[in-house]
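A.B. asks: Below you'll find the structure I mean.
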Number of protein chains: 2
Amino acid sequence: MTESRLVPERKSPLASRQHVPLRFLKSSLVVDSELTPNGEIAGWLEEERRSAGLSLERVPLDQLENWAFTENGRIAHRSGRFFAIQGIEVSTDWGEVPNWDQPIIDQPEVGFLGLIAREFGGVLHFLMQAKVEPGNLNAVQISPTLQATKSNYSRAHGGNAPRYLEYFIDARPDEILLDQLQSEQGARFLAKRNRNIIIEPEGELALTPSFRWLTLGQIKHLLRQPNLINMDTRTVISGISYGEFDDRAEYYFDLFARHFSSSNLPAISLLRSFLHAGDSLHSMEEILSWVTHLRSRYELHITRKPLSELRQWRIERDCIRHETNRFFKVIGTRIELHGREVRSWCQPLIESAQEGLLAFIIKPINGVYHFLVQAKLEPGNFDIIEFAPTVQCLTGNFRDNEPGQRPPYLDYVLSAAPEQRLVDTMQSEEGGRFFQEQNRNLLVLADDEFPLATSENYRWMTLNQIKQFIRFNNYLNIQARSLISAISFA
Amino acid sequence: MTESRLVPERKSPLASRQHVPLRFLKSSLVVDSELTPNGEIAGWLEEERRSAGLSLERVPLDQLENWAFTENGRIAHRSGRFFAIQGIEVSTDWGEVPNWDQPIIDQPEVGFLGLIAREFGGVLHFLMQAKVEPGNLNAVQISPTLQATKSNYSRAHGGNAPRYLEYFIDARPDEILLDQLQSEQGARFLAKRNRNIIIEPEGELALTPSFRWLTLGQIKHLLRQPNLINMDTRTVISGISYGEFDDRAEYYFDLFARHFSSSNLPAISLLRSFLHAGDSLHSMEEILSWVTHLRSRYELHITRKPLSELRQWRIERDCIRHETNRFFKVIGTRIELHGREVRSWCQPLIESAQEGLLAFIIKPINGVYHFLVQAKLEPGNFDIIEFAPTVQCLTGNFRDNEPGQRPPYLDYVLSAAPEQRLVDTMQSEEGGRFFQEQNRNLLVLADDEFPLATSENYRWMTLNQIKQFIRFNNYLNIQARSLISAISFA
């Protein structure tokens, strides 16, 4: 790649702010790129994997260098930075279990998950990093331009600052294409949020090894393969809006429909569900009233307590685990990089008891695709209830359970025919905190007999409505956003 | 009033859900009503005041019956119900003061603030209560149909349930006209929120003494007088939306503009700012980015501590006060009702050190009225930053300060000419918690020279944009909402 490519071209006529959604849409339709041809991606990742030279070994919790049990019963880094493992007691009047204890990740600072965007050949590309994280399956996954916690960037000076950080710190309002505060896993993190941001900085931009430009269509294309696009990338792109129907959108939509015509009817319907503001089963006011009711009706109280006092949890030499071995373990790891960079450190990671399953059921209502959204209370939720996929569970939940006790809609999702599964891939949780954890991501098109009626905790919403909620904080949980990010139109 | 009036009429052609905003608008234009003529309102309130027979005396904190200092240093009711006075330490990197202690009201349950609406003569009326509250100026103020905390209604049985509660508990989705979770004062309450709800129940409705039907226009008309409409009413009506410009709105708007023509240009401009979605100085995405930046950038940490350990606060026999006598006091009161109902009880109340001042500055930009919104961090905020009025301060803040240290825009607001003051009245805080506290509420139309440029913590927004934020939780603070509620078009 030559330097000349890195100086911004004159912007296309669509470059002004009001055309941002259409520029995102256009990029989502471009599934290959001269800058980073699809044929080169496997090699790029393999090269990074090789040059990172990651190895991970499990070590006992009491041998984690620089980590220790604190006086108040947490596992924390001696510097006070990074994160801590905290014990909590959860009390709620939601669901079947009114009270339980668990460990949870406590990391109260807001981090950056940032993408740099730039237009090449009239198409927005995103600067992606092939990034090694200790818990990653495949060691390296495709990550945003910037993943940085506040302690990362506020204490780092000069050469220690994360790459490209300054572009985000200094971004002018007119360079910002997306900027949202979004939650992390509410079952694993205590009210953790990240700033999800996409910027399009002016001026020169030096390309660093391990970074490559991809179109949105390429990212979505790669999401059909397992465990290539990391969770941080997925959450940022899940917030992208493609606009609303107006004359110009209609023009694009026609172009697009002609291009794909009958070959990809679900993709056209998904796009229509994003763009079309009318014909939803429920008005936005009705959905807001539903959330208001749930957030008023149900209570969630979190009390911190020492890990050693958590009921039903055992602190053992190698891990902290539930006495039934369900849910997850806190494990100790030593990580070594012995490639381009030589470095080693210890840290706790969370190891899930099983793989999980995340699924949205989709049904055409009034001619528009609607998603069956679940209201879900999780202990780390910032605001009690968030919108979750139709099904969100660990596979252990249903393998062990009698049919009558299985999560609602699970059996339907598991028995869906291949042609109903618009998306069906394994995707990873964040490798900086989770040990090789993956979830099956499913979008299932319901058959005609699927009932319109739902129970109190579920509502049908169009993608247009879901997008309106994503714009504001703490409505869509990260699992729902992961599924939304996988929707492609090409 | 005859019973026949209480059976709903056949609904007007505008009665379907999509016409809700226009029905609110129509009601806001009707400033008198046959059901409760304006001439009868003073008599209604006086009658209630007389028949309540409220008296309040101050008592030492250690003589509050049923209240006591708890082991962990709070003042709480022996039953555990109602509310508690809690000590907190606040740490933040926002503003000039990084760390302070204060007492705060701890009442973690979500209450109902509810209005029942019904159409009479084609116009929506709201069922208002003349309600006595211990801290009220004038003893009685005009309150929503229902003010109930969760412990109020979940432990009350049969005859003890608040009047009309069952209509709210049982409301069907299609009977709900507005339903929002909104915050209380962030400087005085620890993350307290209320469910603000307006319902239009079908079927008969028995009218209870002390309740009357008022149009929205009447309520807004009464807001021009001091301390008649209580804070709970103001917060509920602040969330009302009048819709967006479309063919039908344009029709109403023309009607309205012809009716008031040149006589009330600011009212027409205010309505236009509500209805008109375009021509705003900043896009919604830019404003969301600004909030995201602030909520990411700044930290707010609250630690509970015993009242006795609060630095700079003195627990005395008669009150808890700051050693400088600034801010507020916690006082003890005994309340007696010796009218229609005979009852007495003790409770703490908060007594402000001074009156406050709340003001929005308004400026026409691109031909549309914009409000100068302040981002403000307060310790009890649910999400760090909320949108506040341009000026929000206690008068002591500026009487004592040198000009250079006075809150931004204060001098401009105080020196505004009478014709610039679209609204200028004293309004009360909630009389169940605050002792005769009132704030000056000001809407000030800026002169042509007023600068468009603002500092980092301020943004110009149209009313249409403000309304979009009010729909979602925890964006507009209660002081901003109080000012919005005072906007009238008639």
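Naming scheme: A, B, ... for chains in displayed order of the structure tokens; residues 1 onward per chain; ligands 1 onward as shown.
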Looking only at alpha helix (DSSP H) from DSSP on the backbone, list the matching residues of stretch 159-337 of chain A as a compact mmCIF listing (two decimals) with N, CA, C and O atoms, in the first residue's frame.
C.D. replies:
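Contents of the output file out_21.txt:
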```txt
# COMPACT_ATOMS: atom_id res chain seq x y z
N LEU A 165 -5.07 6.84 19.10
CA LEU A 165 -5.88 7.44 20.17
C LEU A 165 -6.12 8.93 19.93
O LEU A 165 -7.23 9.43 20.13
N GLU A 166 -5.08 9.64 19.50
CA GLU A 166 -5.17 11.10 19.41
C GLU A 166 -6.27 11.52 18.42
O GLU A 166 -6.89 12.57 18.60
N TYR A 167 -6.52 10.71 17.41
CA TYR A 167 -7.59 11.08 16.46
C TYR A 167 -8.95 11.11 17.15
O TYR A 167 -9.81 11.91 16.83
N PHE A 168 -9.12 10.21 18.09
CA PHE A 168 -10.41 10.14 18.81
C PHE A 168 -10.52 11.25 19.85
O PHE A 168 -11.56 11.87 20.01
N ILE A 169 -9.42 11.47 20.56
CA ILE A 169 -9.42 12.52 21.58
C ILE A 169 -9.69 13.88 20.94
O ILE A 169 -10.42 14.71 21.49
N LEU A 216 -17.75 -1.99 5.13
CA LEU A 216 -18.73 -2.57 6.05
C LEU A 216 -19.25 -3.89 5.49
O LEU A 216 -19.49 -4.85 6.24
N GLY A 217 -19.42 -3.94 4.16
CA GLY A 217 -19.85 -5.18 3.54
C GLY A 217 -18.86 -6.31 3.76
O GLY A 217 -19.25 -7.47 3.98
N GLN A 218 -17.57 -5.99 3.72
CA GLN A 218 -16.57 -7.03 4.00
C GLN A 218 -16.66 -7.53 5.44
O GLN A 218 -16.57 -8.73 5.70
N ILE A 219 -16.81 -6.59 6.37
CA ILE A 219 -16.91 -6.99 7.79
C ILE A 219 -18.12 -7.91 7.98
O ILE A 219 -18.04 -8.96 8.62
N LYS A 220 -19.23 -7.54 7.36
CA LYS A 220 -20.44 -8.35 7.51
C LYS A 220 -20.27 -9.71 6.81
O LYS A 220 -20.79 -10.73 7.28
N HIS A 221 -19.54 -9.70 5.71
CA HIS A 221 -19.25 -10.95 5.02
C HIS A 221 -18.42 -11.87 5.92
O HIS A 221 -18.68 -13.07 6.03
N LEU A 222 -17.43 -11.28 6.60
CA LEU A 222 -16.56 -12.07 7.49
C LEU A 222 -17.31 -12.57 8.72
O LEU A 222 -16.91 -13.55 9.35
N MET A 231 -15.94 -9.08 19.34
CA MET A 231 -17.16 -8.50 19.91
C MET A 231 -17.13 -6.98 19.87
O MET A 231 -18.16 -6.35 19.65
N ASP A 232 -15.96 -6.39 20.08
CA ASP A 232 -15.88 -4.93 20.11
C ASP A 232 -16.24 -4.35 18.75
O ASP A 232 -16.92 -3.33 18.65
N THR A 233 -15.79 -4.98 17.68
CA THR A 233 -16.17 -4.54 16.34
C THR A 233 -17.67 -4.69 16.16
O THR A 233 -18.35 -3.80 15.64
N ARG A 234 -18.19 -5.82 16.61
CA ARG A 234 -19.62 -6.08 16.39
C ARG A 234 -20.48 -5.05 17.10
O ARG A 234 -21.46 -4.55 16.56
N THR A 235 -20.10 -4.68 18.33
CA THR A 235 -20.94 -3.72 19.03
C THR A 235 -20.89 -2.34 18.35
O THR A 235 -21.91 -1.68 18.22
N VAL A 236 -19.72 -1.94 17.86
CA VAL A 236 -19.65 -0.62 17.20
C VAL A 236 -20.52 -0.62 15.94
O VAL A 236 -21.35 0.28 15.75
N ILE A 237 -20.38 -1.64 15.10
CA ILE A 237 -21.14 -1.57 13.83
C ILE A 237 -22.63 -1.84 14.04
O ILE A 237 -23.45 -1.47 13.21
N SER A 238 -22.98 -2.43 15.18
CA SER A 238 -24.42 -2.64 15.43
C SER A 238 -25.18 -1.33 15.57
O SER A 238 -26.38 -1.28 15.37
N ASP A 247 -36.86 10.17 -0.55
CA ASP A 247 -36.65 10.03 -1.98
C ASP A 247 -35.30 9.39 -2.29
O ASP A 247 -35.17 8.52 -3.12
N ARG A 248 -34.29 9.88 -1.57
CA ARG A 248 -32.95 9.42 -1.90
C ARG A 248 -32.77 7.96 -1.48
O ARG A 248 -32.19 7.16 -2.20
N ALA A 249 -33.29 7.62 -0.32
CA ALA A 249 -33.17 6.24 0.14
C ALA A 249 -33.92 5.31 -0.81
O ALA A 249 -33.45 4.23 -1.14
N GLU A 250 -35.07 5.78 -1.28
CA GLU A 250 -35.86 4.98 -2.20
C GLU A 250 -35.04 4.69 -3.47
O GLU A 250 -35.06 3.57 -3.99
N TYR A 251 -34.31 5.69 -3.91
CA TYR A 251 -33.47 5.53 -5.09
C TYR A 251 -32.44 4.43 -4.86
O TYR A 251 -32.27 3.52 -5.66
N TYR A 252 -31.77 4.52 -3.70
CA TYR A 252 -30.76 3.52 -3.37
C TYR A 252 -31.38 2.14 -3.24
O TYR A 252 -30.84 1.13 -3.66
N PHE A 253 -32.52 2.13 -2.61
CA PHE A 253 -33.19 0.87 -2.34
C PHE A 253 -33.57 0.18 -3.65
O PHE A 253 -33.40 -1.02 -3.81
N ASP A 254 -34.06 0.98 -4.62
CA ASP A 254 -34.42 0.41 -5.92
C ASP A 254 -33.20 -0.16 -6.62
O ASP A 254 -33.24 -1.26 -7.16
N LEU A 255 -32.13 0.63 -6.60
CA LEU A 255 -30.89 0.17 -7.20
C LEU A 255 -30.50 -1.19 -6.63
O LEU A 255 -30.18 -2.14 -7.35
N PHE A 256 -30.55 -1.21 -5.31
CA PHE A 256 -30.14 -2.39 -4.57
C PHE A 256 -31.06 -3.57 -4.86
O PHE A 256 -30.62 -4.70 -5.12
N ALA A 257 -32.37 -3.30 -4.89
CA ALA A 257 -33.34 -4.38 -5.12
C ALA A 257 -33.16 -4.96 -6.52
O ALA A 257 -33.24 -6.17 -6.71
N ARG A 258 -32.90 -4.07 -7.52
CA ARG A 258 -32.68 -4.57 -8.86
C ARG A 258 -31.44 -5.45 -8.91
O ARG A 258 -31.41 -6.48 -9.56
N HIS A 259 -30.43 -5.01 -8.19
CA HIS A 259 -29.17 -5.72 -8.24
C HIS A 259 -29.28 -7.12 -7.68
O HIS A 259 -28.74 -8.07 -8.24
N PHE A 260 -29.98 -7.26 -6.58
CA PHE A 260 -30.06 -8.56 -5.93
C PHE A 260 -31.35 -9.30 -6.27
O PHE A 260 -31.45 -10.48 -6.11
N LEU A 265 -34.13 -12.41 -1.13
CA LEU A 265 -35.33 -11.76 -0.63
C LEU A 265 -35.22 -11.39 0.86
O LEU A 265 -35.60 -10.28 1.25
N PRO A 266 -34.69 -12.26 1.73
CA PRO A 266 -34.58 -11.86 3.13
C PRO A 266 -33.72 -10.62 3.32
O PRO A 266 -34.03 -9.76 4.14
N ALA A 267 -32.63 -10.48 2.57
CA ALA A 267 -31.76 -9.31 2.72
C ALA A 267 -32.53 -8.04 2.39
O ALA A 267 -32.42 -7.03 3.09
N ILE A 268 -33.34 -8.10 1.32
CA ILE A 268 -34.13 -6.92 0.96
C ILE A 268 -35.14 -6.63 2.06
O ILE A 268 -35.35 -5.47 2.45
N SER A 269 -35.73 -7.66 2.61
CA SER A 269 -36.72 -7.44 3.68
C SER A 269 -36.07 -6.88 4.93
O SER A 269 -36.65 -6.07 5.64
N LEU A 270 -34.85 -7.32 5.23
CA LEU A 270 -34.15 -6.81 6.40
C LEU A 270 -33.84 -5.32 6.21
O LEU A 270 -34.02 -4.51 7.12
N LEU A 271 -33.39 -4.97 5.02
CA LEU A 271 -33.10 -3.57 4.75
C LEU A 271 -34.37 -2.73 4.86
O LEU A 271 -34.38 -1.65 5.46
N ARG A 272 -35.45 -3.26 4.31
CA ARG A 272 -36.71 -2.54 4.38
C ARG A 272 -37.13 -2.33 5.85
O ARG A 272 -37.63 -1.27 6.21
N SER A 273 -36.88 -3.32 6.68
CA SER A 273 -37.24 -3.19 8.09
C SER A 273 -36.41 -2.11 8.78
O SER A 273 -36.87 -1.44 9.70
N PHE A 274 -35.16 -1.92 8.32
CA PHE A 274 -34.34 -0.83 8.85
C PHE A 274 -34.85 0.54 8.40
O PHE A 274 -34.87 1.50 9.17
N LEU A 275 -35.23 0.63 7.12
CA LEU A 275 -35.47 1.95 6.53
C LEU A 275 -36.90 2.43 6.72
O LEU A 275 -37.17 3.63 6.65
N MET A 284 -43.81 3.44 18.87
CA MET A 284 -42.69 3.68 19.78
C MET A 284 -43.22 4.01 21.18
O MET A 284 -42.64 3.62 22.18
N GLU A 285 -44.32 4.77 21.24
CA GLU A 285 -44.86 5.13 22.56
C GLU A 285 -45.30 3.88 23.32
O GLU A 285 -45.12 3.79 24.53
N GLU A 286 -45.87 2.92 22.61
CA GLU A 286 -46.29 1.69 23.28
C GLU A 286 -45.09 0.91 23.81
O GLU A 286 -45.13 0.35 24.91
N ILE A 287 -44.03 0.89 23.02
CA ILE A 287 -42.84 0.16 23.47
C ILE A 287 -42.19 0.88 24.64
O ILE A 287 -41.77 0.26 25.62
N LEU A 288 -42.13 2.21 24.56
CA LEU A 288 -41.57 2.98 25.68
C LEU A 288 -42.39 2.76 26.94
O LEU A 288 -41.85 2.67 28.05
N SER A 289 -43.69 2.67 26.79
CA SER A 289 -44.56 2.43 27.94
C SER A 289 -44.27 1.05 28.54
O SER A 289 -44.23 0.89 29.77
N TRP A 290 -44.03 0.08 27.67
CA TRP A 290 -43.70 -1.27 28.14
C TRP A 290 -42.41 -1.25 28.97
O TRP A 290 -42.34 -1.80 30.07
N VAL A 291 -41.38 -0.57 28.46
CA VAL A 291 -40.11 -0.48 29.19
C VAL A 291 -40.30 0.26 30.51
O VAL A 291 -39.77 -0.13 31.55
N THR A 292 -41.05 1.37 30.45
CA THR A 292 -41.30 2.15 31.67
C THR A 292 -41.98 1.28 32.71
O THR A 292 -41.61 1.29 33.89
N HIS A 293 -42.98 0.52 32.27
CA HIS A 293 -43.68 -0.38 33.19
C HIS A 293 -42.69 -1.36 33.83
O HIS A 293 -42.67 -1.52 35.05
N LEU A 294 -41.85 -2.00 33.02
CA LEU A 294 -40.95 -3.02 33.55
C LEU A 294 -39.91 -2.41 34.48
O LEU A 294 -39.60 -2.96 35.54
N ARG A 295 -39.36 -1.26 34.09
CA ARG A 295 -38.32 -0.63 34.92
C ARG A 295 -38.91 -0.04 36.21
O ARG A 295 -38.18 0.19 37.16
N SER A 296 -40.21 0.22 36.20
CA SER A 296 -40.87 0.71 37.42
C SER A 296 -41.30 -0.45 38.30
O SER A 296 -41.22 -0.38 39.52
N ARG A 297 -41.75 -1.50 37.66
CA ARG A 297 -42.37 -2.61 38.39
C ARG A 297 -41.34 -3.47 39.11
O ARG A 297 -41.60 -3.97 40.19
```
A.B. asks: Kindly determine which residues of chain B lie within 10 Å of chain A, considering only C-alpha atoms, and give the answer as a tab-separated table (two decimals) with N, CA and C atoms, in the first residue's frame.
C.D. replies:
```tsv
chain	number	residue	atom	x	y	z
B	17	ARG	N	-55.28	6.56	18.55
B	17	ARG	CA	-53.95	6.76	19.15
B	17	ARG	C	-53.07	7.74	18.39
B	18	GLN	N	-53.09	7.65	17.07
B	18	GLN	CA	-52.14	8.48	16.32
B	18	GLN	C	-52.48	9.96	16.47
B	108	PRO	N	-35.43	4.52	47.19
B	108	PRO	CA	-35.07	3.82	45.97
B	108	PRO	C	-36.24	3.30	45.15
B	109	GLU	N	-37.45	3.50	45.58
B	109	GLU	CA	-38.56	2.91	44.83
B	109	GLU	C	-39.11	3.89	43.80
B	110	VAL	N	-39.65	3.34	42.72
B	110	VAL	CA	-40.25	4.15	41.67
B	110	VAL	C	-41.71	4.41	42.03
B	111	GLY	N	-42.11	5.65	42.09
B	111	GLY	CA	-43.50	5.98	42.38
B	111	GLY	C	-44.28	6.28	41.11
B	112	PHE	N	-45.59	6.33	41.27
B	112	PHE	CA	-46.49	6.77	40.19
B	112	PHE	C	-46.75	8.26	40.31
B	150	LYS	N	-44.28	3.19	45.72
B	150	LYS	CA	-44.58	1.77	45.65
B	150	LYS	C	-45.00	1.24	47.02
B	169	ILE	N	-53.03	0.71	37.70
B	169	ILE	CA	-52.52	-0.66	37.77
B	169	ILE	C	-53.09	-1.49	36.62
B	173	PRO	N	-52.71	-1.22	27.38
B	173	PRO	CA	-51.80	-0.41	26.55
B	173	PRO	C	-52.52	0.67	25.74
B	174	ASP	N	-53.71	0.35	25.22
B	174	ASP	CA	-54.38	1.35	24.37
B	174	ASP	C	-55.04	2.46	25.18
B	176	ILE	N	-53.17	4.08	27.47
B	176	ILE	CA	-52.04	4.87	27.97
B	176	ILE	C	-51.63	5.92	26.94
B	177	LEU	N	-51.67	7.19	27.32
B	177	LEU	CA	-51.35	8.27	26.39
B	177	LEU	C	-49.90	8.74	26.54
B	178	LEU	N	-49.33	8.52	27.70
B	178	LEU	CA	-47.94	8.93	27.97
B	178	LEU	C	-47.43	8.05	29.10
B	179	ASP	N	-46.16	7.66	29.05
B	179	ASP	CA	-45.64	6.72	30.05
B	179	ASP	C	-44.12	6.82	30.04
B	180	GLN	N	-43.57	7.56	30.99
B	180	GLN	CA	-42.14	7.85	30.99
B	180	GLN	C	-41.57	7.70	32.39
B	181	LEU	N	-40.32	7.28	32.46
B	181	LEU	CA	-39.61	7.21	33.73
B	181	LEU	C	-38.75	8.46	33.82
B	182	GLN	N	-39.01	9.33	34.80
B	182	GLN	CA	-38.29	10.60	34.86
B	182	GLN	C	-37.67	10.80	36.23
B	193	ARG	N	-36.51	8.04	40.81
B	193	ARG	CA	-37.25	8.23	39.57
B	193	ARG	C	-38.73	7.95	39.80
B	194	ASN	N	-39.55	8.57	38.99
B	194	ASN	CA	-40.98	8.33	39.05
B	194	ASN	C	-41.50	7.94	37.68
B	195	ARG	N	-42.56	7.13	37.71
B	195	ARG	CA	-43.24	6.79	36.47
B	195	ARG	C	-44.28	7.87	36.21
B	196	ASN	N	-44.05	8.67	35.19
B	196	ASN	CA	-44.95	9.75	34.79
B	196	ASN	C	-45.91	9.17	33.75
B	197	ILE	N	-47.19	9.16	34.05
B	197	ILE	CA	-48.11	8.41	33.19
B	197	ILE	C	-49.44	9.16	33.04
B	282	HIS	N	-28.02	21.96	15.61
B	282	HIS	CA	-27.27	20.70	15.70
B	282	HIS	C	-28.21	19.54	15.35
B	283	SER	N	-27.67	18.52	14.70
B	283	SER	CA	-28.48	17.32	14.47
B	283	SER	C	-28.61	16.56	15.78
B	284	MET	N	-29.59	15.66	15.84
B	284	MET	CA	-29.73	14.80	17.02
B	284	MET	C	-28.45	13.99	17.24
B	285	GLU	N	-27.83	13.56	16.14
B	285	GLU	CA	-26.61	12.76	16.29
B	285	GLU	C	-25.51	13.57	16.95
B	286	GLU	N	-25.43	14.86	16.60
B	286	GLU	CA	-24.40	15.71	17.22
B	286	GLU	C	-24.66	15.88	18.71
B	287	ILE	N	-25.94	16.04	19.06
B	287	ILE	CA	-26.26	16.23	20.48
B	287	ILE	C	-26.00	14.93	21.24
B	288	LEU	N	-26.39	13.80	20.64
B	288	LEU	CA	-26.12	12.52	21.29
B	288	LEU	C	-24.63	12.30	21.48
B	289	SER	N	-23.84	12.73	20.51
B	289	SER	CA	-22.39	12.60	20.61
B	289	SER	C	-21.86	13.45	21.77
B	290	TRP	N	-22.43	14.64	21.91
B	290	TRP	CA	-22.04	15.53	23.02
B	290	TRP	C	-22.32	14.87	24.37
B	291	VAL	N	-23.52	14.29	24.53
B	291	VAL	CA	-23.85	13.61	25.79
B	291	VAL	C	-22.94	12.41	26.01
B	292	THR	N	-22.72	11.65	24.94
B	292	THR	CA	-21.86	10.47	25.06
B	292	THR	C	-20.47	10.89	25.52
B	293	HIS	N	-19.97	11.96	24.92
B	293	HIS	CA	-18.65	12.46	25.32
B	293	HIS	C	-18.64	12.81	26.81
B	295	ARG	N	-20.70	11.91	29.29
B	295	ARG	CA	-20.93	10.77	30.19
B	295	ARG	C	-19.74	9.81	30.19
B	296	SER	N	-18.93	9.86	29.12
B	296	SER	CA	-17.73	9.02	29.08
B	296	SER	C	-16.57	9.71	29.77
B	297	ARG	N	-16.50	11.00	29.58
B	297	ARG	CA	-15.34	11.77	30.03
B	297	ARG	C	-15.33	11.95	31.55
B	298	TYR	N	-16.51	12.15	32.13
B	298	TYR	CA	-16.56	12.54	33.54
B	298	TYR	C	-17.03	11.39	34.41
B	299	GLU	N	-16.52	11.40	35.64
B	299	GLU	CA	-16.86	10.33	36.56
B	299	GLU	C	-17.59	10.89	37.76
B	301	HIS	N	-18.65	9.32	41.56
B	301	HIS	CA	-18.64	8.20	42.49
B	301	HIS	C	-19.31	8.62	43.78
B	382	PHE	N	-29.00	9.72	37.89
B	382	PHE	CA	-28.96	8.30	37.55
B	382	PHE	C	-27.85	8.03	36.54
B	383	ASP	N	-27.60	8.95	35.63
B	383	ASP	CA	-26.59	8.72	34.60
B	383	ASP	C	-25.67	9.93	34.44
B	469	PHE	N	-35.65	13.84	23.57
B	469	PHE	CA	-34.87	13.36	24.72
B	469	PHE	C	-35.77	13.04	25.91
B	471	ARG	N	-38.62	11.73	25.88
B	471	ARG	CA	-39.24	10.42	25.68
B	471	ARG	C	-38.41	9.29	26.28
B	472	PHE	N	-37.09	9.48	26.25
B	472	PHE	CA	-36.22	8.44	26.79
B	472	PHE	C	-35.82	8.84	28.22
B	473	ASN	N	-35.38	7.90	29.01
B	473	ASN	CA	-35.15	8.17	30.43
B	473	ASN	C	-33.94	9.04	30.69
B	474	ASN	N	-34.03	9.86	31.74
B	474	ASN	CA	-32.84	10.45	32.35
B	474	ASN	C	-32.04	11.34	31.43
B	475	TYR	N	-32.70	12.10	30.60
B	475	TYR	CA	-31.99	13.12	29.84
B	475	TYR	C	-32.28	14.51	30.39
```
A.B. asks: Can you state the RMSD, in Å, between chain A and chain B once they are superposed by least squares on every Cα paired in order?
C.D. replies: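 Chain B versus chain A: RMSD of 0.0 Å.
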A.B. asks: Might you pull out every residue within 6 Å of stretch 359-375 of chain B, with only C-alpha atoms counted and same-chain residues fewer than 3 positions away left off, and present them as a compact mmCIF listing (two decimals) with N, CA, C and O atoms, in the first residue's frame?
C.D. replies:
```
# COMPACT_ATOMS: atom_id res chain seq x y z
N SER B 273 -41.49 25.55 17.35
CA SER B 273 -40.26 24.88 17.80
C SER B 273 -40.55 23.46 18.27
O SER B 273 -39.73 22.56 18.13
N GLU B 386 -27.25 15.26 33.30
CA GLU B 386 -28.58 15.47 32.71
C GLU B 386 -28.62 16.86 32.09
O GLU B 386 -27.76 17.69 32.33
N PHE B 387 -29.63 17.08 31.26
CA PHE B 387 -29.83 18.39 30.66
C PHE B 387 -30.57 19.28 31.65
O PHE B 387 -31.65 18.93 32.13
N ALA B 388 -30.00 20.44 31.92
CA ALA B 388 -30.55 21.37 32.90
C ALA B 388 -30.87 22.69 32.19
O ALA B 388 -30.46 22.92 31.05
N PRO B 389 -31.60 23.58 32.89
CA PRO B 389 -31.82 24.91 32.31
C PRO B 389 -30.49 25.65 32.12
O PRO B 389 -29.47 25.28 32.69
N THR B 390 -30.54 26.72 31.32
CA THR B 390 -29.35 27.54 31.09
C THR B 390 -28.75 28.00 32.42
O THR B 390 -27.54 27.98 32.61
N VAL B 391 -29.61 28.42 33.34
CA VAL B 391 -29.18 28.83 34.68
C VAL B 391 -29.98 28.01 35.69
O VAL B 391 -31.20 27.94 35.60
N ASN B 441 -39.01 30.67 38.11
CA ASN B 441 -38.98 30.01 36.80
C ASN B 441 -39.02 31.07 35.71
O ASN B 441 -39.99 31.84 35.64
N LEU B 442 -38.00 31.11 34.87
CA LEU B 442 -37.89 32.16 33.85
C LEU B 442 -37.65 31.56 32.47
O LEU B 442 -36.79 30.70 32.30
N LEU B 443 -38.41 32.05 31.50
CA LEU B 443 -38.06 31.81 30.10
C LEU B 443 -37.73 33.18 29.52
O LEU B 443 -38.58 34.08 29.51
N VAL B 444 -36.50 33.33 29.04
CA VAL B 444 -36.02 34.64 28.60
C VAL B 444 -35.69 34.59 27.11
O VAL B 444 -34.87 33.76 26.67
N LEU B 445 -36.34 35.46 26.36
CA LEU B 445 -36.07 35.56 24.94
C LEU B 445 -34.84 36.45 24.74
O LEU B 445 -34.85 37.62 25.14
N ALA B 446 -33.79 35.89 24.17
CA ALA B 446 -32.54 36.65 24.02
C ALA B 446 -32.73 37.77 23.00
O ALA B 446 -33.53 37.66 22.07
N ASN B 457 -20.22 23.14 27.84
CA ASN B 457 -21.30 22.52 28.61
C ASN B 457 -22.69 22.99 28.21
O ASN B 457 -23.66 22.70 28.91
N TYR B 458 -22.80 23.72 27.12
CA TYR B 458 -24.09 24.25 26.69
C TYR B 458 -24.32 23.91 25.21
O TYR B 458 -23.38 23.87 24.42
N ARG B 459 -25.59 23.67 24.87
CA ARG B 459 -25.95 23.45 23.47
C ARG B 459 -27.32 24.06 23.20
O ARG B 459 -28.22 23.97 24.04
N TRP B 460 -27.50 24.62 22.03
CA TRP B 460 -28.81 25.12 21.59
C TRP B 460 -29.64 23.96 21.04
O TRP B 460 -29.16 23.21 20.19
N MET B 461 -30.85 23.80 21.51
CA MET B 461 -31.74 22.75 21.00
C MET B 461 -33.13 23.31 20.74
O MET B 461 -33.60 24.16 21.50
N THR B 462 -33.79 22.79 19.74
CA THR B 462 -35.20 23.14 19.54
C THR B 462 -36.06 22.36 20.54
O THR B 462 -35.62 21.36 21.12
```
A.B. asks: Using only C-alpha atoms, which residue out of A:Gln225, A:Ser455, A:Ser91, A:Gln63 lies closest to A:Thr425?
C.D. replies: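 Distance minimum relative to A:Thr425 lands on A:Gln225.
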